[in-house]
Amino acid sequence: MTLTPFGHTRTRVTPTHALLSPDGHVATRLPGWEATDTVVLISPQLGARFTQLLAHLGAGGAWSGAVPGGLERFVFVVAGEVVLALAGETHALPPHGYAYVPPETPHTLRAAAPATLCVFERRYVPLDGASRSSALAEGPVALTSAPEVVVGNAAEVPGEPFLGDEGVRVRKLLPEARAFDLMVSTMTFAPGSSLPYAETHVMEHGLLMLAGGGVYRLAESWYPVAAGDAIYMAPYCPQWFGALGKVPSTYLLYKDAPREPF
Ligand code: UGY
Ligand code: MN
C-alpha cells in the first residue's frame with residue numbers, strides 16, 4: 001500500500017454514502033479467520049443492513065465453521081485462489097470465482113498462497129412475514145425459505161446489456177429467485193459509457209471497484225474512483241457512474257432484494 005502523506009485520504013463518510021479508498025484501510029483479526037487480515041469496509045456501524053469486508057488470507061489462511069448470528073455469506077475472489085469445502089464437496093475458486101453460503105451452513109475456505117476475498121454478509125430475511133428490519137433482529141434466523149448453495153465464476157456468466165445499452169454489461173451472479181434477499185452482480189462499462197440516469201432507490205448498495213475507474217456521483221458529490229475503492233450507498237442515495245480511461249471499468253455490486261412490508 002502506498003501511504004499518502006500530510007494526512008490526506010480520498011475516503012469520505014457521509015450520512016448517505018461512504019467512499020472507502022485503500023489509503024485508509026486498517027486491518028484487524030476477526031474470530032473464525034486464521035492467518036487472515038480483514039478490513040471491514042461496510043457494517044451496521046455505518047448504518048448498513050449488511051457487512052462488506054476484504055479478507056486478505058496469507059499462505060495457509062482459512063475460515064472454518066458456520067457464520068455466527070444466522071448470517072448468510074457471499075464470497076467473491078478478488079485475487080489468488082481459495083478452496084471452498086461445503087457439504088462434502090470441494091470447489092477451487094479462482095479469481096472472480098464466487099459462492100453463496102446460506103445461514104447456519106458449516107464450510108471452510110482455505111488459501112495455499114495469499115488470496116483476497118470480498119465478503120458480503122447479512123442476516124437472512126425470509127420471504128414469509130418478514131420486514132426489512134428483520135435484518136437487524138436477534139435470535140434464531142427463520143430458514144423456512146432460505147436459498148441453496150450457489151458456486152460459480154463471474155467470467156462464465158453471460159453479460160447482458162444494462163437497460164438496452166451494449167456499452168454497459170451486467171452479470172447477475174445469483175439466480176433471480178424470490179428466496180434470495182440479496183443480489184450480487186458485476187457491472188462492466190466500456191470507456192466513456194455510463195449509467196443511463198442518476199438512480200435513486202430504497203435498496204442499499206455495497207460496491208468494490210475491480211478494474212478501471214471513472215467518476216461516481218453520490219448524492220451531491222462527484223468522486224474520482226479506481227480499482228480497490230469501495231462504496232456504501234444508503235437507501236435513497238442518488239447515484240450515477242461514468243467510466244473514464246482506455247480500459248473497461250468493472251465493479252462488484254451488492255444490493256438487497258426488497259421484502260414487503262417496509
Ligand atoms: O441496478 C442498480 O441498482 C445499479 N445500476 N446501481 C448502480 O450501479 N449504482
Ligand atoms: Mn443502484
# chains A, B, ... in the order shown; residues from 1 in each chain; ligands from 1

$ closest_atom_pairs --of "chain A" --to "ligand 1" --cutoff "8 Å" --atoms "only C-alpha atoms and all ligand atoms" --output "CSV"
residue,atom,partner,partner_atom_place_in_ligand_line,distance
A:Phe162,CA,ligand 1,5 (N),7.8
A:Met187,CA,ligand 1,8 (O),7.0
A:Leu195,CA,ligand 1,5 (N),6.6
A:Glu199,CA,ligand 1,6 (N),6.9
A:His201,CA,ligand 1,3 (O),7.5
A:Met203,CA,ligand 1,3 (O),7.7
A:His205,CA,ligand 1,9 (N),7.2
A:Gln239,CA,ligand 1,9 (N),5.7
A:Trp240,CA,ligand 1,9 (N),6.2
A:Phe241,CA,ligand 1,9 (N),7.0
A:Leu253,CA,ligand 1,8 (O),7.1
A:Lys255,CA,ligand 1,3 (O),6.9

$ write_last_selection --atoms "C-alpha atoms" --output "PDB file, in the first residue's frame"
ATOM      1  CA  PHE A 162     -27.976  -2.871 -18.971  1.00  0.00           C
ATOM      2  CA  MET A 187     -21.227  -4.218 -13.978  1.00  0.00           C
ATOM      3  CA  LEU A 195     -25.356   4.579 -16.105  1.00  0.00           C
ATOM      4  CA  GLU A 199     -30.719   6.301  -9.846  1.00  0.00           C
ATOM      5  CA  HIS A 201     -33.908   3.721  -4.819  1.00  0.00           C
ATOM      6  CA  MET A 203     -32.325  -0.597  -1.831  1.00  0.00           C
ATOM      7  CA  HIS A 205     -25.565  -0.989  -2.191  1.00  0.00           C
ATOM      8  CA  GLN A 239     -26.084   7.536  -7.711  1.00  0.00           C
ATOM      9  CA  TRP A 240     -24.521   7.631 -11.159  1.00  0.00           C
ATOM     10  CA  PHE A 241     -21.273   6.312 -12.678  1.00  0.00           C
ATOM     11  CA  LEU A 253     -22.225  -4.705  -6.596  1.00  0.00           C
ATOM     12  CA  LYS A 255     -27.998  -4.862  -3.499  1.00  0.00           C
TER      13      LYS A 255
END

$ select_by_dssp --residues "region 1-112 of chain A" --states "helix (DSSP H, G or I)" --output "PyMOL selection string"
chain A and resi 22-24+44-46+68-70

$ residues_around --residues "region 169-173 of chain A" --least-positions-apart "6" --cutoff "10 Å" --atoms "only C-alpha atoms" --output "PyMOL selection string"
chain A and resi 97-100+150-163+183-190+250-253

$ residues_around --residues "region 206-211 of chain A" --least-positions-apart "3" --cutoff "8 Å" --atoms "only C-alpha atoms" --output "mmCIF file with N, CA and C atoms, in the first residue's frame"
data_model
loop_
_atom_site.group_PDB
_atom_site.id
_atom_site.type_symbol
_atom_site.label_atom_id
_atom_site.label_comp_id
_atom_site.auth_asym_id
_atom_site.auth_seq_id
_atom_site.Cartn_x
_atom_site.Cartn_y
_atom_site.Cartn_z
ATOM 1 N N ILE A 42 -17.753 -1.965 5.171
ATOM 2 C CA ILE A 42 -19.129 -1.506 5.411
ATOM 3 C C ILE A 42 -19.705 -2.392 6.500
ATOM 4 N N GLN A 52 -19.647 -5.647 4.488
ATOM 5 C CA GLN A 52 -18.759 -5.937 3.349
ATOM 6 C C GLN A 52 -17.342 -5.864 3.866
ATOM 7 N N VAL A 78 -11.179 -11.865 -5.241
ATOM 8 C CA VAL A 78 -10.620 -10.687 -5.918
ATOM 9 C C VAL A 78 -9.265 -11.039 -6.523
ATOM 10 N N VAL A 225 -12.911 7.568 -8.940
ATOM 11 C CA VAL A 225 -12.757 6.255 -8.290
ATOM 12 C C VAL A 225 -11.916 5.345 -9.172
ATOM 13 N N ALA A 226 -11.241 4.402 -8.545
ATOM 14 C CA ALA A 226 -10.360 3.470 -9.265
ATOM 15 C C ALA A 226 -10.418 2.107 -8.583
ATOM 16 N N ALA A 227 -9.815 1.113 -9.242
ATOM 17 C CA ALA A 227 -9.809 -0.254 -8.702
ATOM 18 C C ALA A 227 -9.305 -0.238 -7.262
ATOM 19 N N GLY A 228 -9.995 -0.957 -6.400
ATOM 20 C CA GLY A 228 -9.638 -1.015 -4.983
ATOM 21 C C GLY A 228 -10.545 -0.163 -4.114
ATOM 22 N N ASP A 229 -11.234 0.818 -4.713
ATOM 23 C CA ASP A 229 -12.141 1.662 -3.928
ATOM 24 C C ASP A 229 -13.422 0.902 -3.602
ATOM 25 N N ALA A 230 -13.963 1.155 -2.423
ATOM 26 C CA ALA A 230 -15.250 0.580 -2.023
ATOM 27 C C ALA A 230 -16.219 1.719 -1.748
ATOM 28 N N ILE A 231 -17.503 1.455 -1.982
ATOM 29 C CA ILE A 231 -18.527 2.485 -1.786
ATOM 30 C C ILE A 231 -19.717 1.885 -1.053
ATOM 31 N N TYR A 232 -20.224 2.612 -0.069
ATOM 32 C CA TYR A 232 -21.534 2.293 0.528
ATOM 33 C C TYR A 232 -22.539 3.331 0.055
ATOM 34 N N MET A 233 -23.681 2.865 -0.444
ATOM 35 C CA MET A 233 -24.779 3.760 -0.808
ATOM 36 C C MET A 233 -25.978 3.411 0.064
ATOM 37 N N PRO A 248 -11.927 -1.078 -20.020
ATOM 38 C CA PRO A 248 -13.253 -1.185 -19.383
ATOM 39 C C PRO A 248 -13.156 -1.084 -17.863
ATOM 40 N N SER A 249 -14.209 -0.584 -17.265
ATOM 41 C CA SER A 249 -14.287 -0.476 -15.805
ATOM 42 C C SER A 249 -15.310 -1.491 -15.307
ATOM 43 N N THR A 250 -14.937 -2.197 -14.240
ATOM 44 C CA THR A 250 -15.861 -3.195 -13.682
ATOM 45 C C THR A 250 -15.984 -3.002 -12.183
ATOM 46 N N TYR A 251 -17.239 -3.069 -11.704
ATOM 47 C CA TYR A 251 -17.410 -3.129 -10.235
ATOM 48 C C TYR A 251 -18.306 -4.288 -9.836
ATOM 49 N N LEU A 252 -18.027 -4.764 -8.605
ATOM 50 C CA LEU A 252 -18.837 -5.791 -7.947
ATOM 51 C C LEU A 252 -19.877 -5.049 -7.114
ATOM 52 N N LEU A 253 -21.136 -5.484 -7.208
ATOM 53 C CA LEU A 253 -22.225 -4.705 -6.596
ATOM 54 C C LEU A 253 -23.156 -5.603 -5.796
ATOM 55 N N TYR A 254 -23.342 -5.255 -4.530
ATOM 56 C CA TYR A 254 -24.346 -5.891 -3.657
ATOM 57 C C TYR A 254 -25.577 -5.004 -3.613
ATOM 58 N N LYS A 255 -26.736 -5.613 -3.630
ATOM 59 C CA LYS A 255 -27.998 -4.862 -3.499
ATOM 60 C C LYS A 255 -28.957 -5.751 -2.731
#

$ closest_residue --among "A:Ala55, A:Cys237, A:Ala92, A:Leu3" --to "Thr28 (chain A)" --atoms "only C-alpha atoms"
A:Ala55

$ closest_residue --among "A:Gly24, A:Pro94, A:Pro235, A:Gly213" --to "ligand 2" --atoms "only C-alpha atoms and all ligand atoms"
A:Pro235

$ closest_residue --among "A:Ser193, A:Thr200, A:Thr90, A:Thr36" --to "Ala59 (chain A)" --atoms "only C-alpha atoms"
A:Thr36

$ closest_residue --among "A:Val39, A:Pro147, A:Gly65, A:Phe76" --to "Glu176 (chain A)" --atoms "only C-alpha atoms"
A:Pro147

$ select_by_dssp --residues "region 18-253 of chain A" --states "strand (DSSP E or B)" --output "number ranges by chain"
A: 18-20, 28, 33-42, 51-65, 71-79, 82-86, 89-93, 97-101, 107-110, 115-123, 150-153, 160-162, 165-172, 182-189, 194, 199, 205-211, 213-218, 221-226, 230-233, 239-244, 249-253

$ write_last_selection --atoms "C-alpha atoms" --output "CSV table (one decimal), in the first residue's frame"
chain,number,residue,atom,x,y,z
A,18,ALA,CA,-19.2,6.4,2.0
A,19,LEU,CA,-16.2,6.1,-0.3
A,20,LEU,CA,-13.5,4.0,1.3
A,28,THR,CA,-8.0,-6.4,12.0
A,33,TRP,CA,-10.4,-16.4,10.4
A,34,GLU,CA,-6.9,-17.9,10.6
A,35,ALA,CA,-3.8,-16.2,9.2
A,36,THR,CA,-6.1,-13.6,7.7
A,37,ASP,CA,-6.1,-9.8,7.8
A,38,THR,CA,-9.7,-8.5,7.5
A,39,VAL,CA,-10.7,-4.9,6.6
A,40,VAL,CA,-14.3,-4.2,7.5
A,41,LEU,CA,-15.4,-1.7,4.8
A,42,ILE,CA,-19.1,-1.5,5.4
A,51,THR,CA,-21.3,-6.1,6.1
A,52,GLN,CA,-18.8,-5.9,3.3
A,53,LEU,CA,-15.2,-6.9,4.2
A,54,LEU,CA,-12.0,-7.7,2.5
A,55,ALA,CA,-10.3,-10.9,3.7
A,56,HIS,CA,-6.6,-11.0,2.9
A,57,LEU,CA,-5.6,-14.6,3.5
A,58,GLY,CA,-1.9,-15.4,4.0
A,59,ALA,CA,-0.5,-18.7,2.8
A,60,GLY,CA,-2.5,-21.2,4.9
A,61,GLY,CA,-5.1,-18.6,5.7
A,62,ALA,CA,-8.6,-20.1,6.4
A,63,TRP,CA,-12.1,-19.8,7.6
A,64,SER,CA,-13.9,-22.7,9.2
A,65,GLY,CA,-17.4,-23.1,10.6
A,71,LEU,CA,-25.8,-14.6,8.7
A,72,GLU,CA,-25.7,-15.7,5.1
A,73,ARG,CA,-22.4,-15.1,3.2
A,74,PHE,CA,-21.4,-14.3,-0.3
A,75,VAL,CA,-17.7,-14.7,-1.1
A,76,PHE,CA,-16.0,-13.3,-4.3
A,77,VAL,CA,-12.3,-14.0,-5.1
A,78,VAL,CA,-10.6,-10.7,-5.9
A,79,ALA,CA,-7.1,-12.2,-6.3
A,82,VAL,CA,-9.2,-20.4,-2.4
A,83,VAL,CA,-10.7,-23.9,-1.9
A,84,LEU,CA,-14.3,-24.0,-0.6
A,85,ALA,CA,-15.3,-27.2,1.2
A,86,LEU,CA,-19.0,-27.5,2.0
A,89,GLU,CA,-17.8,-31.2,-1.8
A,90,THR,CA,-14.8,-29.1,-2.6
A,91,HIS,CA,-14.6,-26.3,-5.1
A,92,ALA,CA,-11.5,-24.4,-6.3
A,93,LEU,CA,-12.4,-20.8,-6.6
A,97,GLY,CA,-15.0,-17.3,-8.6
A,98,TYR,CA,-17.7,-16.9,-6.0
A,99,ALA,CA,-20.0,-18.8,-3.6
A,100,TYR,CA,-23.2,-18.1,-1.8
A,101,VAL,CA,-23.4,-19.8,1.6
A,107,HIS,CA,-17.9,-24.5,5.5
A,108,THR,CA,-14.2,-24.0,5.1
A,109,LEU,CA,-12.3,-21.6,2.9
A,110,ARG,CA,-8.5,-22.2,2.5
A,115,ALA,CA,-5.5,-14.5,-1.7
A,116,THR,CA,-8.0,-11.7,-1.3
A,117,LEU,CA,-11.8,-12.2,-0.9
A,118,CYS,CA,-14.6,-9.6,-0.9
A,119,VAL,CA,-17.2,-11.0,1.5
A,120,PHE,CA,-20.8,-9.8,2.0
A,121,GLU,CA,-22.8,-10.9,5.0
A,122,ARG,CA,-26.2,-10.2,6.2
A,123,ARG,CA,-28.9,-11.7,8.4
A,150,VAL,CA,-24.5,-21.4,-5.3
A,151,VAL,CA,-21.0,-21.7,-6.7
A,152,GLY,CA,-19.9,-20.0,-9.9
A,153,ASN,CA,-17.4,-17.8,-11.8
A,160,GLU,CA,-26.5,-8.7,-20.5
A,161,PRO,CA,-26.8,-5.1,-21.8
A,162,PHE,CA,-28.0,-2.9,-19.0
A,165,ASP,CA,-27.1,-0.3,-23.5
A,166,GLU,CA,-24.4,-2.5,-25.2
A,167,GLY,CA,-21.7,-0.4,-23.5
A,168,VAL,CA,-22.8,-1.4,-20.0
A,169,ARG,CA,-22.9,-5.1,-19.2
A,170,VAL,CA,-24.4,-6.6,-16.1
A,171,ARG,CA,-23.6,-10.2,-14.9
A,172,LYS,CA,-26.1,-11.5,-12.3
A,182,LEU,CA,-29.8,-10.1,-1.9
A,183,MET,CA,-28.5,-9.6,-5.4
A,184,VAL,CA,-24.8,-9.6,-6.3
A,185,SER,CA,-23.7,-8.7,-9.8
A,186,THR,CA,-20.7,-7.2,-11.7
A,187,MET,CA,-21.2,-4.2,-14.0
A,188,THR,CA,-18.7,-3.6,-16.8
A,189,PHE,CA,-18.6,-0.2,-18.6
A,194,SER,CA,-22.2,5.5,-18.0
A,199,GLU,CA,-30.7,6.3,-9.8
A,205,HIS,CA,-25.6,-1.0,-2.2
A,206,GLY,CA,-22.1,-2.2,-1.3
A,207,LEU,CA,-19.6,-1.8,-4.2
A,208,LEU,CA,-16.0,-2.8,-4.9
A,209,MET,CA,-14.2,-1.4,-7.9
A,210,LEU,CA,-12.4,-4.3,-9.6
A,211,ALA,CA,-10.9,-2.7,-12.7
A,213,GLY,CA,-12.1,3.8,-13.0
A,214,GLY,CA,-14.2,6.8,-13.6
A,215,VAL,CA,-16.4,9.3,-11.8
A,216,TYR,CA,-19.1,8.2,-9.2
A,217,ARG,CA,-21.8,10.6,-8.3
A,218,LEU,CA,-23.1,10.0,-4.8
A,221,SER,CA,-20.7,14.9,-4.8
A,222,TRP,CA,-18.7,13.6,-7.7
A,223,TYR,CA,-15.7,11.4,-6.8
A,224,PRO,CA,-12.9,10.0,-9.0
A,225,VAL,CA,-12.8,6.3,-8.3
A,226,ALA,CA,-10.4,3.5,-9.3
A,230,ALA,CA,-15.2,0.6,-2.0
A,231,ILE,CA,-18.5,2.5,-1.8
A,232,TYR,CA,-21.5,2.3,0.5
A,233,MET,CA,-24.8,3.8,-0.8
A,239,GLN,CA,-26.1,7.5,-7.7
A,240,TRP,CA,-24.5,7.6,-11.2
A,241,PHE,CA,-21.3,6.3,-12.7
A,242,GLY,CA,-19.4,7.3,-15.8
A,243,ALA,CA,-16.3,5.3,-16.9
A,244,LEU,CA,-13.1,7.1,-17.9
A,249,SER,CA,-14.3,-0.5,-15.8
A,250,THR,CA,-15.9,-3.2,-13.7
A,251,TYR,CA,-17.4,-3.1,-10.2
A,252,LEU,CA,-18.8,-5.8,-7.9
A,253,LEU,CA,-22.2,-4.7,-6.6

$ atom_distance --atom1 "CA of Val67 (chain A)" --atom2 "CA of Phe50 (chain A)"
13.4 Å

$ atom_distance --atom1 "CA of Gly88 (chain A)" --atom2 "CA of Pro106 (chain A)"
10.5 Å

$ atom_distance --atom1 "CA of Pro175 (chain A)" --atom2 "CA of Pro103 (chain A)"
17.1 Å

$ closest_residue --among "A:Gly164, A:Pro191, A:Ala198, A:Lys246" --to "ligand 2" --atoms "only C-alpha atoms and all ligand atoms"
A:Ala198
